[in-house]
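K.L.:
Below you'll find the structure I mean.
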Amino acid sequence: MRAVSSLASIPQFWATLHGLSTRQLSTLLSLPKSVTIYEVGPRDGLQNEPTQIPTSTKVTLINKLTEAGFRAIEATSFVSPKWVPQLADAAEVMKQIARKPGVAYPVLTPNMKGFEGALAAGAREVAIFGAASEAFSQRNINCSVSESLKRFEAVTEAAKKEGVRVRGYVSCVVGCPYQGKVEPQAAADVARALYDMGCYEVSMGDTIGVGTPASVARMFEASMKVVPVEKLAAHMHDTYGQALANILASLQLGVSVIDSSVAGLGGCPYAKGASGNVATEDVVYMLDGLGVHHGTKLEVLLDAAAFISQALGKPSHSRAGNALLAARAAAAAKKAKQQA
């Protein structure tokens with residue numbers, strides 16, 4: 001069997017191997033032609049960092065991600081500094097970033113106080129969240145899932161009056177650190193509630209990364225019955241190394257919005273030492289290999305990943321990113337040697 005020269009040639013390779021045209025293979029895989037990557041690194045990725053990160057570093061990261069071509073970059077969160085001290089500079093971050101027309105810079109707003117702060121800082125898109133697990137909701141915010149959703153009605157109503165878009169998050173869509181397995185219908189019910197509340201899109205999050213392609217597919221199949229698939233997004237964590245496989249399963253069902261975090265920023269607080277958000281570089285590398293358009297400039301993304309990894313003083317969690325950066329460094333060293 002001949003070798004595959006590059007990941008980008010894999011679709012054609014398999015098409016040839018199985019006697020299929022590339023178009024037939026694409027149909028067989030049932031993949032969307034185009035995907036939106038929703039970058040969550042500046043917020044979801046940085047919020048749990050133990051050492052305070054300078055505002056200037058956060059701003060530079062967001063600006064680099066803007067140059068990489070993302071259409072949505074979750075910038076920060078307007079929450080109480082008591083609970084998330086890392087993002088206490090939310091207003092200053094929003095003030096300093098270089099906003100580009102056509103790019104959304106959403107922020108997380110868990111309550112009306114947060115929404116009002118976001119609005120004052122110039123945010124034009126906010127995000128709210130609910131859990132699919134009753135146990136998770138009770139342990140974290142001391143109320144039921146339905147009660148937690150009720151609290152967001154004021155935010156969505158205020159956002160509607162101000163012309164601010166609202167995105168919804170559902171956490172623990174397949175598994176919970178307290179109750180274990182979460183039924184697909186439970187996740188679908190929360191997704192529908194957020195959609196009915198006015199969220200333009202609902203991101204389904206495997207918060208602790210326990211999902212597999214099978215469990216994620218069952219969850220999305222249930223959710224698609226109550227929320228249009230084009231209004232759903234996949235937010236997969238990589239704790240058990242299943243994130244890319246779960247994203248592929250989501251794509252095959254028609255989901256075309258993928259949440260990811262540059263350099264794999266973010267950890268799983270329920271599994272010490274485990275990786276958290278799927279790395280954006282890994283997602284981009286896979287999408288390139290599948291021939292799915294995403295609009296992200298990989299080389300610029302790699303620069304952003306290298307910048308934040310150096311700023312935090314720790315290695316990137318992206319396997320593809322690390323390999324590509326190593327190859328780039330080797331090529332540069334070779335060229336320098338030849339010119340010496």
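Chain lettering (A, B, ...) mirrors the order of the structure tokens, residue numbering begins at 1 for each chain separately, and ligand numbering begins at 1 in order of display.
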So which residues touch Ala118 (chain A) within 9 Å, counting only C-alpha atoms, skipping near sequence neighbours fewer than 6 positions away, as a ChimeraX atom specification?
P.N.:
/A:77-78,90-91,94,107-109,124-126
K.L.:
Write the residues of the preceding selection, restricted to C-alpha atoms, as a PDB file, in the first residue's frame.
P.N.:
ATOM      1  CA  SER A  77     -16.351  36.733  31.668  1.00  0.00           C
ATOM      2  CA  PHE A  78     -18.211  39.317  33.744  1.00  0.00           C
ATOM      3  CA  ALA A  90     -12.900  41.920  32.085  1.00  0.00           C
ATOM      4  CA  ALA A  91     -13.890  45.538  31.431  1.00  0.00           C
ATOM      5  CA  MET A  94     -12.839  44.650  26.391  1.00  0.00           C
ATOM      6  CA  VAL A 107     -18.450  37.349  27.056  1.00  0.00           C
ATOM      7  CA  LEU A 108     -19.965  35.133  29.735  1.00  0.00           C
ATOM      8  CA  THR A 109     -22.633  36.813  31.883  1.00  0.00           C
ATOM      9  CA  ARG A 124     -22.577  42.953  21.718  1.00  0.00           C
ATOM     10  CA  GLU A 125     -22.826  39.232  22.436  1.00  0.00           C
ATOM     11  CA  VAL A 126     -23.106  37.406  25.755  1.00  0.00           C
TER      12      VAL A 126
END
K.L.:
I need the residue nearest Val216 (chain A) from this list: A:Pro42, A:Gly117, A:Gly175, A:Pro32. Use only C-alpha atoms for the distance.
P.N.:
A:Gly175
K.L.:
Using only C-alpha atoms, which of A:Ala187, A:Leu325, A:Ala214, A:Leu244 sits nearest Glu134 (chain A)?
P.N.:
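Comparing A:Ala187, A:Leu325, A:Ala214, A:Leu244 against Glu134 (chain A), the winner is A:Ala187.
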K.L.:
Check the DSSP output for the backbone and give back, as a PyMOL selection string, the residues of region 202-324 of chain A in alpha helix (DSSP H).
P.N.:
chain A and resi 213-223+243-252+280-290+298-312+319-324
K.L.:
Which one of A:Arg167, A:Arg151, A:His294, A:Arg218 sits closest to Phe70 (chain A) if you count only C-alpha atoms?
P.N.:
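Ranking A:Arg167, A:Arg151, A:His294, A:Arg218 by distance to Phe70 (chain A), first place goes to A:His294.
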K.L.:
Which residues are close to Ile128 (chain A), i.e. within 9 Å by only C-alpha atoms, leaving aside same-chain residues fewer than 6 positions away? Reply as a compact mmCIF listing (two decimals) with N, CA and C atoms, in the first residue's frame.
P.N.:
# COMPACT_ATOMS: atom_id res chain seq x y z
N LEU A 108 -19.05 35.89 28.89
CA LEU A 108 -19.96 35.13 29.73
C LEU A 108 -20.59 36.06 30.77
N THR A 109 -21.92 35.98 30.91
CA THR A 109 -22.63 36.81 31.88
C THR A 109 -23.63 35.94 32.66
N PRO A 110 -23.29 35.52 33.87
CA PRO A 110 -24.14 34.60 34.62
C PRO A 110 -25.36 35.22 35.27
N ASN A 111 -25.42 36.55 35.29
CA ASN A 111 -26.54 37.22 35.95
C ASN A 111 -26.69 38.64 35.40
N PHE A 152 -31.93 33.14 34.20
CA PHE A 152 -31.38 33.75 32.98
C PHE A 152 -32.43 34.48 32.15
N VAL A 155 -31.80 38.12 31.90
CA VAL A 155 -30.66 38.44 31.04
C VAL A 155 -31.09 38.41 29.57
N THR A 156 -31.80 37.37 29.17
CA THR A 156 -32.21 37.27 27.76
C THR A 156 -33.21 38.36 27.38
N VAL A 166 -27.40 36.44 22.30
CA VAL A 166 -27.17 35.57 23.44
C VAL A 166 -26.89 34.14 22.97
N ARG A 167 -25.82 33.58 23.45
CA ARG A 167 -25.47 32.18 23.16
C ARG A 167 -25.68 31.37 24.44
N GLY A 168 -26.13 30.14 24.29
CA GLY A 168 -26.34 29.29 25.45
C GLY A 168 -25.33 28.17 25.53
N TYR A 169 -24.98 27.79 26.74
CA TYR A 169 -24.11 26.63 26.98
C TYR A 169 -24.88 25.61 27.82
N VAL A 170 -24.72 24.35 27.48
CA VAL A 170 -25.23 23.27 28.32
C VAL A 170 -24.02 22.47 28.78
N LEU A 194 -33.00 26.80 26.58
CA LEU A 194 -32.14 27.93 26.23
C LEU A 194 -32.51 28.49 24.85
N CYS A 199 -31.76 32.14 22.86
CA CYS A 199 -30.36 31.93 22.47
C CYS A 199 -30.30 31.61 20.97
K.L.:
Got a sec: who's within 6 Å of region 222-237 of chain A, counting only C-alpha atoms, leaving out chain neighbours fewer than 4 positions off, as a list in words?
P.N.:
Pro184, Gln185, Ala188, Arg192, Glu201, Val202, Ser203, Met204, Gly205, Asp206, Gly209, Ala243, Val255, Val257, Ile258, Asp259, Gly276, Asn277 and Val278 of chain A
K.L.:
Give me a file of those residues, with all heavy atoms, as a compact mmCIF listing (two decimals), in the first residue's frame.
P.N.:
# COMPACT_ATOMS: atom_id res chain seq x y z
N PRO A 184 -29.42 11.47 27.38
CA PRO A 184 -29.50 12.40 26.25
C PRO A 184 -30.69 13.35 26.33
O PRO A 184 -30.57 14.53 25.99
CB PRO A 184 -29.62 11.45 25.04
CG PRO A 184 -28.93 10.21 25.48
CD PRO A 184 -29.26 10.07 26.93
N GLN A 185 -31.83 12.86 26.80
CA GLN A 185 -33.02 13.70 26.86
C GLN A 185 -32.85 14.85 27.85
O GLN A 185 -33.39 15.94 27.65
CB GLN A 185 -34.25 12.87 27.23
CG GLN A 185 -35.57 13.61 27.04
CD GLN A 185 -35.77 14.10 25.62
OE1 GLN A 185 -35.61 13.34 24.66
NE2 GLN A 185 -36.11 15.37 25.45
N ALA A 188 -30.99 17.46 26.03
CA ALA A 188 -31.88 18.04 25.01
C ALA A 188 -32.89 19.00 25.64
O ALA A 188 -33.19 20.05 25.06
CB ALA A 188 -32.60 16.93 24.25
N ARG A 192 -33.25 22.91 24.62
CA ARG A 192 -34.51 23.48 24.14
C ARG A 192 -34.92 24.69 24.97
O ARG A 192 -35.38 25.71 24.42
CB ARG A 192 -35.62 22.44 24.17
CG ARG A 192 -36.95 22.98 23.68
CD ARG A 192 -38.00 21.92 23.57
NE ARG A 192 -39.24 22.45 23.00
CZ ARG A 192 -40.28 21.70 22.65
NH1 ARG A 192 -40.24 20.39 22.82
NH2 ARG A 192 -41.35 22.26 22.13
N GLU A 201 -27.87 30.28 19.49
CA GLU A 201 -27.11 29.04 19.32
C GLU A 201 -26.91 28.41 20.69
O GLU A 201 -26.79 29.12 21.69
CB GLU A 201 -25.76 29.37 18.68
CG GLU A 201 -24.86 28.20 18.34
CD GLU A 201 -23.64 28.70 17.58
OE1 GLU A 201 -23.75 28.84 16.33
OE2 GLU A 201 -22.60 28.99 18.21
N VAL A 202 -26.87 27.08 20.74
CA VAL A 202 -26.67 26.38 22.01
C VAL A 202 -25.49 25.43 21.87
O VAL A 202 -25.49 24.55 21.00
CB VAL A 202 -27.93 25.60 22.44
CG1 VAL A 202 -27.68 24.93 23.79
CG2 VAL A 202 -29.14 26.51 22.50
N SER A 203 -24.48 25.63 22.70
CA SER A 203 -23.28 24.81 22.66
C SER A 203 -23.40 23.68 23.68
O SER A 203 -23.61 23.91 24.87
CB SER A 203 -22.06 25.67 22.98
OG SER A 203 -20.88 24.90 22.96
N MET A 204 -23.25 22.46 23.20
CA MET A 204 -23.40 21.27 24.04
C MET A 204 -22.03 20.82 24.55
O MET A 204 -21.18 20.38 23.76
CB MET A 204 -24.08 20.16 23.25
CG MET A 204 -25.37 20.58 22.54
SD MET A 204 -26.62 21.23 23.67
CE MET A 204 -27.16 19.71 24.48
N GLY A 205 -21.81 20.94 25.86
CA GLY A 205 -20.49 20.71 26.42
C GLY A 205 -20.31 19.41 27.19
O GLY A 205 -21.04 19.13 28.14
N ASP A 206 -19.31 18.64 26.77
CA ASP A 206 -18.89 17.46 27.53
C ASP A 206 -17.87 17.95 28.54
O ASP A 206 -16.66 17.83 28.35
CB ASP A 206 -18.29 16.40 26.59
CG ASP A 206 -17.82 15.16 27.33
OD1 ASP A 206 -18.19 15.00 28.52
OD2 ASP A 206 -17.09 14.35 26.74
N GLY A 209 -15.23 15.57 29.82
CA GLY A 209 -14.55 14.82 28.77
C GLY A 209 -14.71 13.31 28.82
O GLY A 209 -13.83 12.58 28.37
N ALA A 243 -11.87 13.83 22.33
CA ALA A 243 -12.46 15.06 21.80
C ALA A 243 -12.55 15.09 20.28
O ALA A 243 -13.60 15.41 19.73
CB ALA A 243 -11.67 16.27 22.30
N VAL A 255 -23.64 18.98 12.73
CA VAL A 255 -23.20 20.10 13.56
C VAL A 255 -22.07 20.82 12.83
O VAL A 255 -21.12 20.17 12.36
CB VAL A 255 -22.72 19.61 14.95
CG1 VAL A 255 -22.16 20.77 15.77
CG2 VAL A 255 -23.87 18.94 15.68
N VAL A 257 -20.62 23.99 14.08
CA VAL A 257 -19.94 24.96 14.94
C VAL A 257 -19.18 24.18 16.01
O VAL A 257 -19.77 23.35 16.71
CB VAL A 257 -20.92 25.95 15.61
CG1 VAL A 257 -20.15 26.94 16.49
CG2 VAL A 257 -21.73 26.70 14.56
N ILE A 258 -17.87 24.43 16.09
CA ILE A 258 -17.02 23.69 17.02
C ILE A 258 -16.33 24.66 17.97
O ILE A 258 -15.66 25.60 17.53
CB ILE A 258 -15.93 22.89 16.25
CG1 ILE A 258 -16.57 21.97 15.20
CG2 ILE A 258 -15.07 22.11 17.23
CD1 ILE A 258 -17.50 20.93 15.75
N ASP A 259 -16.49 24.45 19.27
CA ASP A 259 -15.76 25.23 20.27
C ASP A 259 -14.39 24.59 20.50
O ASP A 259 -14.28 23.35 20.58
CB ASP A 259 -16.51 25.24 21.61
CG ASP A 259 -17.85 25.96 21.55
OD1 ASP A 259 -18.21 26.44 20.47
OD2 ASP A 259 -18.53 26.01 22.59
N GLY A 276 -8.05 19.61 29.31
CA GLY A 276 -9.42 20.11 29.27
C GLY A 276 -9.92 20.32 27.87
O GLY A 276 -10.16 19.36 27.14
N ASN A 277 -10.04 21.59 27.45
CA ASN A 277 -10.58 21.90 26.14
C ASN A 277 -9.75 21.28 25.01
O ASN A 277 -8.52 21.23 25.09
CB ASN A 277 -10.61 23.42 25.93
CG ASN A 277 -11.65 24.09 26.79
OD1 ASN A 277 -12.84 23.82 26.66
ND2 ASN A 277 -11.21 24.97 27.68
N VAL A 278 -10.43 20.87 23.96
CA VAL A 278 -9.72 20.37 22.79
C VAL A 278 -8.93 21.53 22.19
O VAL A 278 -9.38 22.68 22.16
CB VAL A 278 -10.70 19.79 21.75
CG1 VAL A 278 -11.63 20.86 21.18
CG2 VAL A 278 -9.96 19.07 20.63
K.L.:
Nearest to Phe115 (chain A) among A:Ala135, A:Val79, A:Ile208, A:Val103, with distances taken over only C-alpha atoms: which residue is it?
P.N.:
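Of the candidates, the smallest distance to Phe115 (chain A) is held by A:Val79.
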K.L.:
Out of region 123-217 of chain A, which residues get strand (DSSP E or B) from DSSP, as a list of chain:residue names?
P.N.:
A:Glu125, A:Val126, A:Ala127, A:Ile128, A:Phe129, A:Gly130, A:Ala131, A:Arg165, A:Val166, A:Arg167, A:Gly168, A:Tyr169, A:Val170, A:Ser171, A:Gly175, A:Cys176, A:Gly180, A:Lys181, A:Glu201, A:Val202, A:Ser203, A:Met204, A:Gly205, A:Asp206
K.L.:
So which residues touch Lys297 (chain A) within 9 Å, counting only C-alpha atoms, skipping near sequence neighbours fewer than 6 positions away, as a list in words?
P.N.:
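Answer for this query is Glu67, Ala68, Gly69 and Phe70 of chain A.
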K.L.:
Which residues come within 8 Å of region 305-317 of chain A, counting only C-alpha atoms, excluding same-chain residues fewer than 3 positions away, as a list in words?
P.N.:
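The residues that qualify are Ile53, Thr57, Leu61, Val262, Ala263, Gly264, Leu265, Ser275, Ala279, Leu301, Leu302, Gly321 and Asn322 of chain A.
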K.L.:
Could you save the residues just selected, with N, CA and C atoms, as a PDB file, in the first residue's frame?
P.N.:
ATOM      1  N   ILE A  53      -2.604  36.632  35.246  1.00  0.00           N
ATOM      2  CA  ILE A  53      -2.080  36.938  33.917  1.00  0.00           C
ATOM      3  C   ILE A  53      -2.282  38.423  33.645  1.00  0.00           C
ATOM      4  N   THR A  57      -1.312  40.732  28.297  1.00  0.00           N
ATOM      5  CA  THR A  57      -1.118  39.405  27.698  1.00  0.00           C
ATOM      6  C   THR A  57      -2.430  38.877  27.128  1.00  0.00           C
ATOM      7  N   LEU A  61      -3.202  38.177  23.146  1.00  0.00           N
ATOM      8  CA  LEU A  61      -3.691  36.877  22.692  1.00  0.00           C
ATOM      9  C   LEU A  61      -4.936  37.040  21.832  1.00  0.00           C
ATOM     10  N   VAL A 262      -7.214  27.618  21.955  1.00  0.00           N
ATOM     11  CA  VAL A 262      -5.845  27.688  21.465  1.00  0.00           C
ATOM     12  C   VAL A 262      -4.888  27.035  22.470  1.00  0.00           C
ATOM     13  N   ALA A 263      -3.969  26.213  21.952  1.00  0.00           N
ATOM     14  CA  ALA A 263      -2.974  25.506  22.763  1.00  0.00           C
ATOM     15  C   ALA A 263      -3.598  24.539  23.768  1.00  0.00           C
ATOM     16  N   GLY A 264      -4.883  24.256  23.605  1.00  0.00           N
ATOM     17  CA  GLY A 264      -5.553  23.359  24.545  1.00  0.00           C
ATOM     18  C   GLY A 264      -5.666  23.966  25.926  1.00  0.00           C
ATOM     19  N   LEU A 265      -5.721  25.303  26.006  1.00  0.00           N
ATOM     20  CA  LEU A 265      -5.818  25.979  27.307  1.00  0.00           C
ATOM     21  C   LEU A 265      -7.049  25.523  28.066  1.00  0.00           C
ATOM     22  N   SER A 275      -6.203  16.880  30.708  1.00  0.00           N
ATOM     23  CA  SER A 275      -6.351  17.997  29.784  1.00  0.00           C
ATOM     24  C   SER A 275      -7.818  18.399  29.716  1.00  0.00           C
ATOM     25  N   ALA A 279      -7.719  21.251  21.740  1.00  0.00           N
ATOM     26  CA  ALA A 279      -6.852  22.290  21.189  1.00  0.00           C
ATOM     27  C   ALA A 279      -7.328  22.718  19.803  1.00  0.00           C
ATOM     28  N   LEU A 301      -2.317  31.073  13.774  1.00  0.00           N
ATOM     29  CA  LEU A 301      -2.801  30.388  14.975  1.00  0.00           C
ATOM     30  C   LEU A 301      -1.640  29.790  15.763  1.00  0.00           C
ATOM     31  N   LEU A 302      -0.678  29.203  15.049  1.00  0.00           N
ATOM     32  CA  LEU A 302       0.498  28.631  15.716  1.00  0.00           C
ATOM     33  C   LEU A 302       1.292  29.709  16.446  1.00  0.00           C
ATOM     34  N   GLY A 321      -0.186  21.044  17.078  1.00  0.00           N
ATOM     35  CA  GLY A 321       0.499  22.320  17.194  1.00  0.00           C
ATOM     36  C   GLY A 321       1.962  22.161  17.547  1.00  0.00           C
ATOM     37  N   ASN A 322       2.261  21.291  18.508  1.00  0.00           N
ATOM     38  CA  ASN A 322       3.650  21.064  18.899  1.00  0.00           C
ATOM     39  C   ASN A 322       4.460  20.462  17.763  1.00  0.00           C
TER      40      ASN A 322
END
K.L.:
Excluding Ser30 (chain A) and its own-chain neighbours fewer than 6 positions away, which residues fall within 12 Å of it when counting only C-alpha atoms? Please give them as a list in words.
P.N.:
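The neighbour list is Arg23, Gln24, Leu248, Ala249, Ser250, Leu251, Gln252, Leu253, Gly254, Val255, Ser256, Leu290 and Val292 of chain A.
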K.L.:
Selected residues, all heavy atoms, written as an mmCIF file, in the first residue's frame, please.
P.N.:
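As written to disk, part_24.cif reads:
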data_model
loop_
_atom_site.group_PDB
_atom_site.id
_atom_site.type_symbol
_atom_site.label_atom_id
_atom_site.label_comp_id
_atom_site.auth_asym_id
_atom_site.auth_seq_id
_atom_site.Cartn_x
_atom_site.Cartn_y
_atom_site.Cartn_z
ATOM 1 N N ARG A 23 -16.117 13.199 -4.096
ATOM 2 C CA ARG A 23 -17.465 13.661 -3.795
ATOM 3 C C ARG A 23 -18.279 12.557 -3.127
ATOM 4 O O ARG A 23 -19.024 12.803 -2.174
ATOM 5 C CB ARG A 23 -18.159 14.115 -5.081
ATOM 6 C CG ARG A 23 -19.542 14.720 -4.846
ATOM 7 C CD ARG A 23 -20.103 15.283 -6.129
ATOM 8 N NE ARG A 23 -21.411 15.880 -5.904
ATOM 9 C CZ ARG A 23 -22.137 16.447 -6.856
ATOM 10 N NH1 ARG A 23 -21.671 16.512 -8.090
ATOM 11 N NH2 ARG A 23 -23.326 16.965 -6.576
ATOM 12 N N GLN A 24 -18.118 11.318 -3.621
ATOM 13 C CA GLN A 24 -18.840 10.196 -3.017
ATOM 14 C C GLN A 24 -18.367 9.954 -1.591
ATOM 15 O O GLN A 24 -19.160 9.665 -0.706
ATOM 16 C CB GLN A 24 -18.642 8.933 -3.859
ATOM 17 C CG GLN A 24 -19.397 8.934 -5.171
ATOM 18 C CD GLN A 24 -19.033 7.748 -6.037
ATOM 19 O OE1 GLN A 24 -17.877 7.338 -6.119
ATOM 20 N NE2 GLN A 24 -20.037 7.189 -6.709
ATOM 21 N N LEU A 248 -15.759 14.697 15.311
ATOM 22 C CA LEU A 248 -16.047 14.071 14.017
ATOM 23 C C LEU A 248 -17.450 13.470 14.010
ATOM 24 O O LEU A 248 -18.199 13.621 13.037
ATOM 25 C CB LEU A 248 -15.008 12.997 13.696
ATOM 26 C CG LEU A 248 -15.178 12.275 12.361
ATOM 27 C CD1 LEU A 248 -15.187 13.254 11.196
ATOM 28 C CD2 LEU A 248 -14.066 11.242 12.169
ATOM 29 N N ALA A 249 -17.824 12.823 15.102
ATOM 30 C CA ALA A 249 -19.179 12.262 15.204
ATOM 31 C C ALA A 249 -20.224 13.373 15.127
ATOM 32 O O ALA A 249 -21.281 13.210 14.503
ATOM 33 C CB ALA A 249 -19.332 11.487 16.522
ATOM 34 N N SER A 250 -19.920 14.522 15.730
ATOM 35 C CA SER A 250 -20.835 15.669 15.695
ATOM 36 C C SER A 250 -20.968 16.203 14.270
ATOM 37 O O SER A 250 -22.076 16.498 13.806
ATOM 38 C CB SER A 250 -20.318 16.786 16.617
ATOM 39 O OG SER A 250 -20.094 16.310 17.923
ATOM 40 N N LEU A 251 -19.846 16.315 13.583
ATOM 41 C CA LEU A 251 -19.851 16.803 12.205
ATOM 42 C C LEU A 251 -20.688 15.904 11.303
ATOM 43 O O LEU A 251 -21.429 16.374 10.440
ATOM 44 C CB LEU A 251 -18.423 16.887 11.668
ATOM 45 C CG LEU A 251 -17.492 17.917 12.313
ATOM 46 C CD1 LEU A 251 -16.073 17.739 11.772
ATOM 47 C CD2 LEU A 251 -17.978 19.330 12.051
ATOM 48 N N GLN A 252 -20.564 14.607 11.515
ATOM 49 C CA GLN A 252 -21.297 13.651 10.678
ATOM 50 C C GLN A 252 -22.805 13.742 10.891
ATOM 51 O O GLN A 252 -23.573 13.315 10.035
ATOM 52 C CB GLN A 252 -20.795 12.231 10.953
ATOM 53 C CG GLN A 252 -19.394 11.994 10.411
ATOM 54 C CD GLN A 252 -18.846 10.621 10.748
ATOM 55 O OE1 GLN A 252 -18.911 10.180 11.898
ATOM 56 N NE2 GLN A 252 -18.316 9.931 9.765
ATOM 57 N N LEU A 253 -23.217 14.316 12.010
ATOM 58 C CA LEU A 253 -24.641 14.513 12.271
ATOM 59 C C LEU A 253 -25.129 15.869 11.771
ATOM 60 O O LEU A 253 -26.316 16.179 11.869
ATOM 61 C CB LEU A 253 -24.923 14.378 13.768
ATOM 62 C CG LEU A 253 -24.848 12.954 14.328
ATOM 63 C CD1 LEU A 253 -24.903 12.981 15.849
ATOM 64 C CD2 LEU A 253 -25.985 12.100 13.778
ATOM 65 N N GLY A 254 -24.204 16.680 11.263
ATOM 66 C CA GLY A 254 -24.595 17.975 10.713
ATOM 67 C C GLY A 254 -24.246 19.181 11.555
ATOM 68 O O GLY A 254 -24.530 20.313 11.171
ATOM 69 N N VAL A 255 -23.635 18.977 12.726
ATOM 70 C CA VAL A 255 -23.202 20.097 13.558
ATOM 71 C C VAL A 255 -22.066 20.815 12.833
ATOM 72 O O VAL A 255 -21.121 20.170 12.364
ATOM 73 C CB VAL A 255 -22.724 19.611 14.949
ATOM 74 C CG1 VAL A 255 -22.163 20.769 15.768
ATOM 75 C CG2 VAL A 255 -23.866 18.939 15.684
ATOM 76 N N SER A 256 -22.135 22.130 12.744
ATOM 77 C CA SER A 256 -21.126 22.856 11.976
ATOM 78 C C SER A 256 -20.484 24.005 12.753
ATOM 79 O O SER A 256 -19.875 24.893 12.171
ATOM 80 C CB SER A 256 -21.736 23.405 10.677
ATOM 81 O OG SER A 256 -22.815 24.272 10.956
ATOM 82 N N LEU A 290 -9.724 16.678 6.314
ATOM 83 C CA LEU A 290 -11.031 16.234 5.830
ATOM 84 C C LEU A 290 -11.552 17.110 4.693
ATOM 85 O O LEU A 290 -12.616 16.836 4.135
ATOM 86 C CB LEU A 290 -12.042 16.241 6.985
ATOM 87 C CG LEU A 290 -11.795 15.216 8.095
ATOM 88 C CD1 LEU A 290 -12.696 15.497 9.287
ATOM 89 C CD2 LEU A 290 -12.018 13.797 7.589
ATOM 90 N N VAL A 292 -12.599 20.212 4.992
ATOM 91 C CA VAL A 292 -13.703 21.053 5.477
ATOM 92 C C VAL A 292 -13.188 22.472 5.698
ATOM 93 O O VAL A 292 -12.233 22.693 6.444
ATOM 94 C CB VAL A 292 -14.292 20.500 6.791
ATOM 95 C CG1 VAL A 292 -15.388 21.424 7.312
ATOM 96 C CG2 VAL A 292 -14.847 19.100 6.574
#
K.L.:
Out of A:Ser148, A:Gln47, A:Thr36, A:Asn63, which residue has the shortest atom-to-atom distance to Ser260 (chain A) when counting only C-alpha atoms?
P.N.:
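So, comparing all the options, the nearest one is A:Thr36.
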